[in-house]
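Structure file data26.txt with compact mmCIF, C-alpha atoms:
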```txt
# COMPACT_ATOMS: atom_id res chain seq x y z
CA MET A 1 -5.87 23.54 29.70
CA GLY A 2 -6.28 25.41 26.40
CA ILE A 3 -2.73 24.82 25.22
CA LEU A 4 -2.96 21.16 26.23
CA HIS A 5 -6.03 20.73 24.04
CA VAL A 6 -4.20 22.34 21.14
CA ILE A 7 -1.28 19.91 21.64
CA ALA A 8 -3.67 16.96 21.73
CA PHE A 9 -5.73 17.94 18.69
CA ALA A 10 -3.11 19.64 16.50
CA PRO A 11 -1.73 16.41 14.92
CA LEU A 12 -5.26 15.26 14.08
CA LEU A 13 -6.19 18.59 12.51
CA LEU A 14 -2.91 18.65 10.58
CA ALA A 15 -3.49 15.10 9.28
CA ALA A 16 -7.09 15.81 8.27
CA GLY A 17 -6.04 19.10 6.65
CA ALA A 18 -3.21 17.48 4.68
CA ALA A 19 -5.51 14.70 3.45
CA ALA A 20 -8.21 17.22 2.46
CA ALA A 21 -5.65 19.35 0.59
CA GLY A 22 -4.34 16.28 -1.25
CA TRP A 23 -7.89 15.29 -2.15
CA LEU A 24 -8.72 18.78 -3.45
CA ILE A 25 -5.55 18.93 -5.57
CA ILE A 26 -5.30 15.43 -7.05
CA GLY A 27 -7.78 13.11 -5.38
CA ARG A 28 -11.01 14.31 -6.97
CA ARG A 29 -10.33 12.86 -10.39
CA VAL A 30 -11.72 9.45 -9.55
CA ALA A 31 -14.00 8.30 -6.78
CA VAL A 32 -15.26 4.87 -6.00
CA PRO A 33 -18.80 4.55 -7.40
CA MET A 34 -21.80 3.86 -5.18
CA GLY A 35 -22.15 0.32 -3.95
CA LEU A 36 -20.66 -2.29 -1.68
CA THR A 37 -17.06 -1.33 -2.50
CA ARG A 38 -17.60 2.23 -1.31
CA VAL A 39 -19.47 1.09 1.83
CA LEU A 40 -16.66 -1.28 2.79
CA ILE A 41 -13.96 1.37 2.29
CA VAL A 42 -15.95 3.79 4.46
CA VAL A 43 -16.48 1.15 7.16
CA ALA A 44 -12.85 -0.03 7.18
CA THR A 45 -11.15 3.37 7.16
CA SER A 46 -13.57 5.23 9.42
CA ALA A 47 -13.54 2.44 12.03
CA ALA A 48 -9.72 2.41 11.97
CA LEU A 49 -9.61 6.20 12.26
CA VAL A 50 -12.09 6.30 15.14
CA VAL A 51 -10.15 3.69 17.14
CA MET A 52 -6.76 5.23 16.35
CA ILE A 53 -7.82 8.82 17.03
CA GLY A 54 -9.57 7.74 20.25
CA TYR A 55 -6.48 5.91 21.37
CA TRP A 56 -4.18 8.77 20.35
CA LEU A 57 -6.25 11.37 22.21
CA VAL A 58 -6.56 9.32 25.38
CA SER A 59 -2.88 8.31 25.43
CA SER A 60 -1.53 11.77 24.62
CA ALA A 61 -4.10 13.63 26.70
CA PRO A 62 -5.22 11.31 29.53
CA TRP A 63 -6.89 14.25 31.27
CA LEU A 64 -9.62 13.89 28.64
CA LEU A 65 -10.71 10.67 30.38
CA PRO A 66 -13.49 11.12 32.94
CA SER A 67 -11.40 9.51 35.68
CA PRO A 68 -7.90 8.65 34.46
CA SER A 69 -6.21 6.02 36.57
CA ILE A 70 -2.54 5.13 36.42
CA GLU A 71 -3.42 1.48 35.65
CA VAL A 72 -5.51 2.43 32.61
CA VAL A 73 -2.88 4.84 31.29
CA THR A 74 -0.10 2.24 31.80
CA ALA A 75 -2.11 -0.45 30.04
CA MET A 76 -2.75 1.90 27.12
CA MET A 77 0.92 2.81 26.86
CA ASP A 78 1.83 -0.89 26.66
CA LEU A 79 -0.46 -1.23 23.63
CA ARG A 80 0.84 1.80 21.75
CA TYR A 81 3.02 -0.23 19.34
CA LEU A 82 0.38 -2.84 18.60
CA ILE A 83 -2.74 -0.67 18.20
CA PRO A 84 -1.94 0.63 14.67
CA LEU A 85 -0.90 -2.83 13.49
CA VAL A 86 -4.04 -4.54 14.76
CA VAL A 87 -6.50 -1.81 13.75
CA GLY A 88 -4.91 -1.20 10.34
CA GLY A 89 -4.59 -4.94 9.72
CA ALA A 90 -8.32 -5.38 10.37
CA ALA A 91 -9.06 -2.51 7.96
CA LEU A 92 -6.88 -4.15 5.29
CA ILE A 93 -8.80 -7.42 5.64
CA ILE A 94 -12.07 -5.52 5.02
CA LEU A 95 -10.53 -3.70 2.03
CA ALA A 96 -10.02 -7.06 0.28
CA PHE A 97 -13.79 -7.23 -0.19
CA PRO A 98 -15.85 -7.41 -2.35
CA VAL A 99 -14.04 -10.35 -3.93
CA ARG A 100 -15.25 -10.90 -7.47
CA GLY A 101 -15.10 -14.34 -9.06
CA SER A 102 -12.30 -14.83 -11.56
CA GLY A 103 -14.71 -15.77 -14.38
CA SER A 104 -15.33 -13.49 -17.34
CA ARG A 105 -17.80 -10.62 -17.00
CA SER A 106 -17.15 -9.25 -20.43
CA LYS A 107 -17.45 -10.52 -23.96
CA GLY A 108 -13.72 -11.10 -24.31
CA ALA A 109 -10.36 -11.27 -22.61
CA GLU A 110 -7.59 -8.71 -22.64
CA LEU A 111 -4.23 -9.95 -23.84
CA SER A 112 -2.29 -8.35 -21.02
CA ARG A 113 -1.04 -9.83 -17.79
CA ARG A 114 -2.72 -8.84 -14.53
CA THR A 115 -0.50 -9.09 -11.48
CA VAL A 116 -0.51 -7.50 -8.02
CA LEU A 117 1.37 -4.57 -9.60
CA THR A 118 -0.98 -4.05 -12.57
CA PHE A 119 -3.17 -1.40 -10.93
CA SER A 120 -0.40 0.15 -8.82
CA ARG A 121 2.61 2.36 -9.40
CA PRO A 122 6.10 0.99 -8.67
CA TRP A 123 7.08 4.02 -6.57
CA TRP A 124 4.27 3.23 -4.09
CA PHE A 125 6.03 -0.02 -3.24
CA VAL A 126 9.50 1.51 -3.29
CA THR A 127 8.33 4.10 -0.71
CA PHE A 128 6.56 1.45 1.35
CA GLY A 129 9.66 -0.77 1.25
CA ILE A 130 11.93 2.06 2.42
CA VAL A 131 9.61 2.91 5.34
CA LEU A 132 9.30 -0.78 6.26
CA LEU A 133 13.08 -1.29 6.18
CA LEU A 134 13.56 1.80 8.34
CA THR A 135 11.02 0.48 10.85
CA VAL A 136 12.73 -2.92 11.01
CA ALA A 137 16.15 -1.25 11.36
CA VAL A 138 14.93 0.87 14.29
CA ALA A 139 13.39 -2.24 15.93
CA VAL A 140 16.64 -4.18 15.57
CA ALA A 141 18.77 -1.29 16.85
CA ALA A 142 16.51 -0.81 19.88
CA GLY A 143 16.36 -4.56 20.45
CA VAL A 144 20.15 -4.88 20.40
CA ALA A 145 20.41 -1.99 22.89
CA SER A 146 17.85 -3.53 25.26
CA SER A 147 18.61 -5.53 28.40
CA PRO A 148 16.46 -8.02 30.33
CA ASP A 149 14.42 -6.89 33.33
CA GLU A 150 13.82 -8.98 36.50
CA GLN A 151 11.41 -11.20 34.57
CA GLY A 152 13.87 -11.75 31.73
CA ARG A 153 11.95 -9.53 29.27
CA TYR A 154 14.10 -7.31 27.07
CA THR A 155 12.47 -4.01 28.01
CA LEU A 156 15.26 -2.06 29.72
CA TYR A 157 17.93 0.35 28.57
CA VAL A 158 20.74 0.41 31.11
CA VAL A 159 23.50 2.98 31.48
CA GLU A 160 26.36 1.70 33.61
CA VAL A 161 28.94 3.89 35.30
CA GLY A 162 31.42 1.84 37.27
CA THR A 163 29.46 -0.22 39.78
CA ALA A 164 26.37 2.03 39.54
CA ALA A 165 23.69 1.81 36.87
CA ALA A 166 20.61 3.72 35.75
CA SER A 167 17.87 2.26 33.60
CA THR A 168 14.64 3.10 31.82
CA THR A 169 12.28 1.26 29.48
CA ILE A 170 13.03 0.89 25.76
CA TYR A 171 11.34 -0.61 22.71
CA GLY A 172 13.26 -3.86 23.26
CA TRP A 173 12.78 -7.37 21.87
CA HIS A 174 9.86 -7.98 24.25
CA TYR A 175 7.85 -5.33 22.38
CA SER A 176 9.42 -5.49 18.90
CA VAL A 177 9.27 -9.22 18.14
CA PRO A 178 5.43 -9.40 18.17
CA CYS A 179 5.35 -6.18 16.14
CA LEU A 180 7.81 -7.55 13.55
CA ILE A 181 5.66 -10.68 13.21
CA LEU A 182 2.57 -8.50 12.70
CA LEU A 183 4.44 -6.36 10.15
CA ALA A 184 5.26 -9.51 8.16
CA ALA A 185 1.58 -10.52 8.36
CA LEU A 186 0.62 -7.02 7.21
CA VAL A 187 2.74 -7.37 4.05
CA GLY A 188 1.07 -10.74 3.43
CA VAL A 189 -2.44 -9.28 3.81
CA MET A 190 -1.57 -6.38 1.48
CA THR A 191 -0.27 -8.79 -1.16
CA ILE A 192 -3.43 -10.91 -0.92
CA ASP A 193 -5.59 -7.75 -1.16
CA LEU A 194 -3.80 -6.58 -4.31
CA ALA A 195 -4.00 -10.06 -5.85
CA LEU A 196 -7.75 -10.29 -5.17
CA ILE A 197 -8.29 -6.83 -6.68
CA SER A 198 -6.30 -7.56 -9.85
CA ARG A 199 -7.31 -11.18 -10.47
CA PRO A 200 -10.88 -10.94 -11.90
CA ALA A 201 -11.40 -10.37 -15.61
CA ILE A 202 -11.79 -6.75 -16.69
CA ALA A 203 -15.46 -5.77 -16.78
CA GLU A 204 -17.19 -4.56 -19.93
CA ASN A 205 -17.05 -0.96 -18.70
CA ARG A 206 -13.27 -1.12 -18.89
CA ASP A 207 -12.32 2.45 -18.02
CA GLU A 208 -14.46 2.57 -14.88
CA ASP A 209 -13.39 -0.91 -13.78
CA VAL A 210 -9.69 -0.05 -14.15
CA ALA A 211 -10.16 3.32 -12.37
CA VAL A 212 -11.92 1.69 -9.42
CA ARG A 213 -9.25 -1.02 -9.14
CA ARG A 214 -6.56 1.68 -9.14
CA VAL A 215 -8.31 3.49 -6.28
CA ARG A 216 -8.80 0.24 -4.35
CA SER A 217 -5.14 -0.72 -4.82
CA LEU A 218 -4.02 2.76 -3.81
CA ASN A 219 -6.19 2.53 -0.69
CA VAL A 220 -4.57 -0.77 0.27
CA VAL A 221 -1.13 0.85 -0.02
CA ARG A 222 -2.31 4.02 1.80
CA VAL A 223 -3.73 2.06 4.73
CA GLY A 224 -0.71 -0.31 4.84
CA MET A 225 1.74 2.59 4.72
CA GLY A 226 -0.32 4.40 7.37
CA VAL A 227 -0.09 1.36 9.64
CA VAL A 228 3.70 1.23 9.37
CA LEU A 229 4.07 5.00 9.85
CA LEU A 230 1.77 5.11 12.90
CA HIS A 231 3.67 2.18 14.41
CA LEU A 232 7.00 3.89 13.62
CA SER A 233 5.65 7.09 15.19
CA ALA A 234 4.94 5.23 18.45
CA VAL A 235 8.43 3.68 18.37
CA LEU A 236 10.24 6.98 17.69
CA SER A 237 8.24 8.80 20.38
CA SER A 238 9.09 6.03 22.82
CA LEU A 239 12.79 6.20 21.91
CA ALA A 240 12.65 10.00 22.38
CA GLY A 241 11.49 9.31 25.94
CA THR A 242 14.18 6.67 26.47
CA SER A 243 16.88 9.04 25.23
CA THR A 244 16.10 11.54 28.00
CA LEU A 245 17.33 9.17 30.72
CA SER A 246 19.60 11.11 33.02
CA ALA A 247 20.97 10.16 36.40
CA GLY A 248 23.36 11.66 38.89
CA ILE A 249 25.83 9.24 40.45
CA GLY A 250 27.63 10.37 43.57
CA THR A 251 31.36 9.84 44.06
CA GLY A 252 31.28 10.56 47.77
CA ALA A 253 32.63 14.10 47.42
CA GLY A 254 29.30 15.93 47.82
CA ILE A 255 27.47 17.75 45.03
CA ALA A 256 30.74 18.68 43.34
CA GLY A 257 31.58 14.99 43.02
CA GLU A 258 28.31 13.99 41.34
CA ILE A 259 28.56 12.63 37.82
CA ASN A 260 25.59 13.10 35.49
CA VAL A 261 25.14 10.26 33.02
CA GLY A 262 22.76 10.02 30.07
CA THR A 263 22.10 7.81 27.06
CA SER A 264 24.49 7.54 24.12
CA PHE A 265 21.76 8.93 21.84
CA ALA A 266 20.62 11.80 24.08
CA ALA A 267 21.52 14.30 21.34
CA LEU A 268 18.84 12.71 19.14
CA THR A 269 15.98 13.52 21.52
CA PRO A 270 14.56 16.51 19.57
CA PHE A 271 14.94 14.65 16.27
CA LEU A 272 13.22 11.51 17.60
CA TYR A 273 10.41 13.55 19.13
CA TRP A 274 9.66 15.58 16.00
CA ALA A 275 10.22 12.67 13.62
CA GLY A 276 7.71 10.64 15.65
CA ALA A 277 5.16 13.46 15.48
CA VAL A 278 5.61 14.11 11.75
CA VAL A 279 5.54 10.43 10.83
CA GLY A 280 2.36 9.96 12.90
CA VAL A 281 0.64 12.88 11.16
CA ILE A 282 1.57 11.48 7.72
CA GLY A 283 0.29 8.03 8.70
CA LEU A 284 -3.02 9.39 9.91
CA ALA A 285 -3.30 11.61 6.80
CA LEU A 286 -2.95 8.50 4.62
CA TRP A 287 -5.87 6.86 6.42
CA PHE A 288 -7.92 10.05 6.00
CA SER A 289 -7.06 10.15 2.29
CA ALA A 290 -8.30 6.55 1.87
CA LEU A 291 -11.60 7.60 3.44
CA LEU A 292 -11.81 10.68 1.21
CA SER A 293 -11.52 8.49 -1.90
CA THR A 294 -15.17 7.59 -1.30
CA VAL A 295 -16.41 11.19 -1.50
CA PRO A 296 -18.50 11.46 -4.67
CA THR A 297 -17.03 13.61 -7.44
CA PRO A 298 -18.89 15.16 -10.39
CA ASN A 299 -17.29 12.49 -12.62
CA SER A 300 -18.36 9.58 -10.43
CA ARG A 301 -21.91 10.93 -10.19
CA ARG A 302 -22.09 11.20 -13.97
CA ARG A 303 -20.82 7.66 -14.41
CA VAL A 304 -23.35 6.29 -11.97
CA ALA A 305 -26.12 8.25 -13.64
CA ILE A 306 -25.14 6.80 -17.03
CA ALA A 307 -25.03 3.28 -15.58
CA MET B 1 -6.34 -5.91 -27.42
CA ILE B 2 -9.28 -8.11 -26.67
CA ILE B 3 -9.89 -11.58 -27.98
CA THR B 4 -13.32 -13.14 -28.01
CA LEU B 5 -14.75 -16.58 -28.51
CA SER B 6 -17.90 -17.28 -30.50
CA ALA B 7 -19.97 -20.45 -30.60
CA SER B 8 -19.82 -20.57 -34.39
CA GLY B 9 -16.13 -19.75 -34.72
CA GLY B 10 -14.79 -23.28 -34.52
CA PRO B 11 -12.79 -24.95 -31.74
CA PRO B 12 -11.78 -22.48 -28.99
CA THR B 13 -8.10 -23.45 -29.33
CA ASP B 14 -8.12 -22.47 -33.02
CA GLN B 15 -9.96 -19.22 -32.29
CA VAL B 16 -7.42 -18.19 -29.63
CA ARG B 17 -4.45 -19.18 -31.79
CA ASP B 18 -5.77 -17.37 -34.89
CA GLN B 19 -6.63 -14.17 -33.03
CA ILE B 20 -3.25 -13.97 -31.28
CA ARG B 21 -1.47 -14.64 -34.57
CA GLY B 22 -3.58 -11.92 -36.23
CA LEU B 23 -2.75 -9.35 -33.53
CA ILE B 24 0.96 -10.10 -33.91
CA THR B 25 1.06 -9.99 -37.71
CA THR B 26 -0.87 -6.69 -37.78
CA GLY B 27 1.60 -5.15 -35.34
CA GLN B 28 -0.87 -4.77 -32.43
CA LEU B 29 1.26 -7.06 -30.27
CA ALA B 30 4.93 -6.13 -30.32
CA ALA B 31 8.00 -8.34 -30.27
CA GLY B 32 8.91 -9.31 -26.73
CA GLU B 33 5.52 -8.33 -25.30
CA ARG B 34 4.28 -10.54 -22.48
CA LEU B 35 1.03 -12.44 -22.82
CA PRO B 36 -1.27 -13.36 -19.94
CA SER B 37 -0.66 -16.63 -18.18
CA VAL B 38 -2.52 -19.70 -19.39
CA ARG B 39 -4.54 -19.69 -16.18
CA GLN B 40 -5.54 -16.03 -16.43
CA LEU B 41 -6.59 -16.20 -20.08
CA ALA B 42 -8.48 -19.46 -19.54
CA SER B 43 -10.30 -17.94 -16.57
CA ASP B 44 -11.14 -14.74 -18.46
CA LEU B 45 -12.51 -16.68 -21.44
CA ASP B 46 -14.26 -19.30 -19.29
CA VAL B 47 -12.46 -22.20 -20.97
CA ALA B 48 -10.24 -25.00 -19.67
CA PRO B 49 -6.56 -24.12 -19.14
CA GLY B 50 -5.66 -26.94 -21.56
CA THR B 51 -7.42 -25.06 -24.36
CA ILE B 52 -5.17 -22.01 -23.97
CA ALA B 53 -2.08 -24.15 -23.35
CA LYS B 54 -2.68 -25.91 -26.68
CA ALA B 55 -3.07 -22.58 -28.51
CA TYR B 56 0.15 -21.22 -26.97
CA LYS B 57 2.00 -24.45 -27.80
CA ALA B 58 0.89 -24.28 -31.43
CA LEU B 59 2.11 -20.67 -31.71
CA GLU B 60 5.41 -21.63 -30.04
CA THR B 61 5.87 -24.37 -32.62
CA GLU B 62 5.35 -21.77 -35.35
CA GLY B 63 8.01 -19.57 -33.73
CA ILE B 64 5.50 -16.80 -32.99
CA LEU B 65 5.60 -17.15 -29.19
CA GLU B 66 8.42 -17.97 -26.78
CA THR B 67 7.92 -19.47 -23.34
CA ARG B 68 10.63 -19.38 -20.70
CA ILE B 69 10.35 -20.77 -17.22
CA GLY B 70 9.98 -17.89 -14.79
CA SER B 71 9.31 -15.17 -17.35
CA GLY B 72 6.09 -16.48 -18.89
CA THR B 73 5.04 -16.38 -22.53
CA ARG B 74 6.16 -13.57 -24.83
CA VAL B 75 5.79 -12.67 -28.47
CA GLY B 76 8.88 -13.95 -30.32
CA MET B 77 11.53 -11.33 -31.04
CA THR B 78 11.28 -11.91 -34.79
CA ALA B 79 7.53 -12.53 -34.93
CA SER B 80 6.23 -8.95 -34.94
CA PRO B 81 7.22 -6.13 -37.31
CA THR B 82 6.60 -3.51 -34.61
CA ALA B 83 9.14 -2.67 -31.93
CA ARG B 84 7.71 -2.90 -28.43
CA SER B 85 8.85 0.59 -27.42
CA VAL B 86 7.13 2.13 -30.46
CA LEU B 87 3.90 0.28 -29.75
CA GLU B 88 3.93 1.30 -26.08
CA ALA B 89 4.49 4.96 -27.03
CA ALA B 90 1.63 4.75 -29.54
CA ARG B 91 -0.66 3.30 -26.86
CA LYS B 92 0.26 6.13 -24.51
CA LEU B 93 -0.50 8.68 -27.23
CA ALA B 94 -3.88 7.02 -27.86
CA ALA B 95 -4.74 6.97 -24.14
CA VAL B 96 -3.77 10.63 -23.62
CA SER B 97 -5.68 11.64 -26.76
CA HIS B 98 -8.79 9.83 -25.49
CA ARG B 99 -8.52 11.61 -22.14
CA GLN B 100 -8.06 15.01 -23.77
CA GLY B 101 -10.87 14.46 -26.29
CA VAL B 102 -8.48 14.50 -29.29
CA ASP B 103 -9.76 12.37 -32.16
CA LEU B 104 -7.68 10.07 -34.38
CA ASP B 105 -7.36 12.59 -37.24
CA GLU B 106 -6.12 15.30 -34.89
CA ALA B 107 -3.66 12.93 -33.18
CA THR B 108 -2.36 11.79 -36.57
CA ARG B 109 -1.98 15.42 -37.65
CA VAL B 110 0.05 16.20 -34.52
CA LEU B 111 2.24 13.15 -35.09
CA ARG B 112 2.86 14.10 -38.72
CA ALA B 113 3.71 17.67 -37.72
CA ILE B 114 6.38 16.62 -35.24
CA TRP B 115 7.75 13.75 -37.37
```
So that I can check it, write out the structure of this file as structure tokens.
Amino acid sequence: MGILHVIAFAPLLLAAGAAAAGWLIIGRRVAVPMGLTRVLIVVATSAALVVMIGYWLVSSAPWLLPSPSIEVVTAMMDLRYLIPLVVGGAALIILAFPVRGSGSRSKGAELSRRTVLTFSRPWWFVTFGIVLLLTVAVAVAAGVASSPDEQGRYTLYVVEVGTAAASTTIYGWHYSVPCLILLAALVGVMTIDLALISRPAIAENRDEDVAVRRVRSLNVVRVGMGVVLLHLSAVLSSLAGTSTLSAGIGTGAGIAGEINVGTSFAALTPFLYWAGAVVGVIGLALWFSALLSTVPTPNSRRRVAIA
Amino acid sequence: MIITLSASGGPPTDQVRDQIRGLITTGQLAAGERLPSVRQLASDLDVAPGTIAKAYKALETEGILETRIGSGTRVGMTASPTARSVLEAARKLAAVSHRQGVDLDEATRVLRAIW
């Protein structure tokens, strides 16, 4: 049981450790000051983390449940692609708040444009775009490879050898289409979040206002990127399982005449497994790092004290 | 660069126009630099969008601003004596100096030394 617990908790500890290291090295420069903004970030990210970690633990280590039943485990496995999208999407909606009015709060107006990119860095979006494209590409590839089951749902991967066939489940169109729709909605919510953060006039305390908006924008990108990575992790882990399909088909000549067939991407099994694990750890670490942005720093305390 | 409106400063349109013109002629706004949208500036200054639109139009007529559909309003390429890249580098130097606690005299000394 000991080694099983290590397997279940290791990704979580790695993610928390990576986020803490990142915070210690570069994240302590600016923290969100006390107030509603900080409370909402804590609520959004900690709620998302609790649900995601709870789901991850129970799905990867069902023996942790008091009385694990096959129905419960199956139902949870069916939700594995959607959970990060729904939980992270809800967190992103909370991160849009507080929404300040667009009217002036200062004595003047800055002569510079404020757009959704004003408080962000271009490479954040380039990275996010690459990960998103990769996720869509994997969904399309798996969808194209899928076949319909008895109910007409594209959930099967079939290997045919002559008149015989072996099949297993795959991340087919039945699973990927709702996820692709939610991914598009996620991009929309992120854009709205960034627009709501950048739109109000700069406050009189310019430096602090800009710093807080940068952290809020970064948190939107962190949580959004985390959502996509956690979803991609579930997809890659699922494809790793699909790739292990192996079946022996008899030719009528006894054991010597048996032909072993597997998937065309069986050689990718170790890569898919480890890529899924690494991507999941990075995704969770990004959510942890968003939560850590609310930890008070000496600078933020001083600013609050001055205010 | 911040522009402000005062109750005793005359019509808001004139105040906006004069301040933008002043920032351009003193080199604080560089040639080709983008200005905020009419809607954003009007919202920030708590005035009607028409007020800002009129100010921008007047400056366009003078050849100080250029408006193109899709790319917004920019300072005219011949309106400012300062190149945009020089102004952006100077702003970066000022921001870094502020962060490092270097005052204007010290920053100027460093600039002169490496000139």
Practice prompt. Excluding Ala42 (chain B) and residues on its chain fewer than 6 positions from it, collect all residues at most 7 Å away from it, counting all atoms listed in the file, and give them as JSON, numbers by chain.
Written response: {"B": [48, 49, 52]}
Worksheet entry | Protein/DNA/RNA residues near (-1.1, 12.6, 9.3), cut 6 Å, all atoms listed in the file, as a PyMOL selection string | chain A and resi 15+280-285
Worksheet entry | For CA of Ser60 (chain A) and CA of Ala18 (chain A), the interatomic separation in Å (one decimal) |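 So the two atoms, CA of Ser60 (chain A) and CA of Ala18 (chain A), lie 20.8 Å apart.
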Near chain A, meaning an atom within 10 Å, which residues of chain B appear when counting all atoms listed in the file? Write them as an mmCIF file with C-alpha atoms, keeping the file's coordinate frame.
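Result file out.cif:
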```cif
data_model
loop_
_atom_site.group_PDB
_atom_site.id
_atom_site.type_symbol
_atom_site.label_atom_id
_atom_site.label_comp_id
_atom_site.auth_asym_id
_atom_site.auth_seq_id
_atom_site.Cartn_x
_atom_site.Cartn_y
_atom_site.Cartn_z
ATOM 1 C CA MET B 1 -6.340 -5.910 -27.420
ATOM 2 C CA ILE B 2 -9.280 -8.110 -26.670
ATOM 3 C CA ILE B 3 -9.890 -11.580 -27.980
ATOM 4 C CA THR B 4 -13.320 -13.140 -28.010
ATOM 5 C CA LEU B 5 -14.750 -16.580 -28.510
ATOM 6 C CA SER B 6 -17.900 -17.280 -30.500
ATOM 7 C CA ILE B 20 -3.250 -13.970 -31.280
ATOM 8 C CA LEU B 23 -2.750 -9.350 -33.530
ATOM 9 C CA LEU B 29 1.260 -7.060 -30.270
ATOM 10 C CA GLU B 33 5.520 -8.330 -25.300
ATOM 11 C CA ARG B 34 4.280 -10.540 -22.480
ATOM 12 C CA LEU B 35 1.030 -12.440 -22.820
ATOM 13 C CA PRO B 36 -1.270 -13.360 -19.940
ATOM 14 C CA SER B 37 -0.660 -16.630 -18.180
ATOM 15 C CA GLN B 40 -5.540 -16.030 -16.430
ATOM 16 C CA LEU B 41 -6.590 -16.200 -20.080
ATOM 17 C CA ALA B 42 -8.480 -19.460 -19.540
ATOM 18 C CA SER B 43 -10.300 -17.940 -16.570
ATOM 19 C CA ASP B 44 -11.140 -14.740 -18.460
ATOM 20 C CA LEU B 45 -12.510 -16.680 -21.440
ATOM 21 C CA ASP B 46 -14.260 -19.300 -19.290
ATOM 22 C CA VAL B 47 -12.460 -22.200 -20.970
ATOM 23 C CA GLY B 72 6.090 -16.480 -18.890
#
```
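Residues in contact with Ala142 (chain A) at up to 8 Å, not including ones fewer than 4 positions away on its chain and judged by all atoms listed in the file, are Val138, Ser146, Ile170, Tyr171, Gly172 and Trp173 of chain A.
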